[in-house]
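Visitor: Got a structure for you, questions after.
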Amino acid sequence: MKARTIIAIVSSLALVISLATLWQTHLSRFRPVTAAGPLTLRICRIESKGKGWYISQVDCRFSVTNSGDRVGKMLGIRMLVHYPGLPIPNAHEYFLPHSEVDPSSFKEHAGNRFAWIDKASLGEAVPFAILPRSSVSKHVVFDKRWDDPVIQDEIQFTLEILTDRNAKWVAVERWKQCLDGSAWSELAEVGTSIRVEPASVGDRESYATVPVNLHEFTRGKKSIPKGGFRAHPSHLVLPGKARSENAEEGRKKGSSGGEFE
């Protein structure tokens, strides 16, 4: 009886292990892993029939990897915009996806809203499927109409995704940016953009100079000559015997009316 019991226990354990292995290798659910790059903020000023408003747009590139063994579905994406400085609890709004864009063409025309819509847009950011153990990359523009300027010491942007894994929106990356009066003027009146690094990368020390006065030491004390590299004529130096023979040959050519170089 003891032997049979031991055999039954071992067999049961082997079956459990086999089922677990099968689940991990062939039957595990869709498991999305999302990574996003920098976010770019732009403010477009629009006027029509004597009325004016603003279009605030942000764009970012992101990739979604399916680390599971079943096909997964990306059902939706959106950008949550939160205003923590307002005296209103949980003050926020959503920037919805306007278009998926071609990265190269969008980079060329990004400063002109109507130009990139015409030349870089690939259409609406529609749901898509991700095969097992594969990745999908997207570049999406999100926007929102603002009737008045938005001036805040801090605005938080959060990229959220909706998948068929569960029925709720999940935050996958965050960005923070100050939008004071000077920044607003630069964006809305000058037409430039602001690049915001994702919160997940932490402090970007690689872009810093340490110490701040480093270049006071690296510039050196010697004077810099004018005119760049100074080139001088060069000629081939021959060994003694070859030089004598070459000179003799040159004299013969000269006496017979040959040309010297």
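We name chains A, B, ... following the order of the structure tokens; residues begin at 1 in each chain, and ligands are numbered from 1 as shown.
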Report as a VMD selection string all protein, DNA and RNA residues lying within 7 Å of Lys73 (chain A), evaluated on only C-alpha atoms, omitting residues in the same chain fewer than 6 positions from it.

Guide: chain A and resid 128 to 130 163 to 164

Visitor: Export, as a short mmCIF file (atom, residue, chain, number, x, y, z; two decimals), in the first residue's frame, the selected residues with C-alpha atoms.

Guide:
```
data_model
loop_
_atom_site.label_atom_id
_atom_site.label_comp_id
_atom_site.auth_asym_id
_atom_site.auth_seq_id
_atom_site.Cartn_x
_atom_site.Cartn_y
_atom_site.Cartn_z
CA PHE A 128 -4.89 45.97 -33.41
CA ALA A 129 -3.79 42.42 -32.56
CA ILE A 130 -0.40 41.28 -31.25
CA THR A 163 -6.68 45.38 -23.83
CA ASP A 164 -8.78 42.25 -23.95
#
```

Visitor: Among region 42-239 of chain A, which ones does DSSP place in strand (DSSP E or B), written as a ChimeraX atom specification?

Guide: /A:42-48,51-66,72-82,92-101,121,128-130,134-146,152-163,170-179,194-196

Visitor: So that I can see what lies close to region 177-192 of chain A, please list as an MDAnalysis selection string the residues with an atom at most 7 Å from it, counting only C-alpha atoms and leaving out residues fewer than 3 positions away in the same chain.

Guide: chainID A and resid 42:45 151:156 196

Visitor: How many Å lie between CA of Val71 (chain A) and CA of Pro132 (chain A), rounded to one decimal?

Guide: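 These two atoms are separated by 5.4 Å.
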
Visitor: Using DSSP assignments from the backbone, pull out every residue in region 25-174 of chain A that falls under alpha helix (DSSP H) and give it to me as a list in words.

Guide: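 Those in region 25-174 of chain A that DSSP calls alpha helix (DSSP H) are Pro103, Ser104, Ser105, Phe106, Lys107, Glu108, His109, Arg113, Phe114, Ala115, Trp116, Ile117, Asp118 and Lys119 of chain A.
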
Visitor: Identify, on the basis of only C-alpha atoms, every residue whose closest approach to Phe142 (chain A) does not exceed 6 Å; exclude the query and any residue fewer than 4 positions from it along the same chain; express the result as a PyMOL selection string.

Guide: chain A and resi 57-58+95-98

Visitor: Given only C-alpha atoms as the basis, pick out the residue of A:Ala35, A:Gly52, A:Phe157, A:Leu122 nearest to Glu93 (chain A).

Guide: A:Phe157

Visitor: Give me, as a ChimeraX atom specification, all polymer residues having an atom no more than 9 Å from Pro103 (chain A), counting only C-alpha atoms and skipping those fewer than 5 positions away in the same chain.

Guide: /A:61,108,120,138-139

Visitor: Between A:Leu238, A:Cys60, A:Ile194, A:Leu75, which is the closest to Ile161 (chain A) once you count only C-alpha atoms?

Guide: A:Leu75

Visitor: Choose the residue, out of A:Trp175, A:Phe114, A:Phe229, A:Trp169, that has the smallest atom-to-atom separation from Gly37 (chain A); count only C-alpha atoms.

Guide: A:Trp175

Visitor: List the spatial neighbours of His92 (chain A) as a PyMOL selection string - criterion: any atom at most 7 Å away, only C-alpha atoms, same-chain residues fewer than 4 positions off excluded.

Guide: chain A and resi 81-83
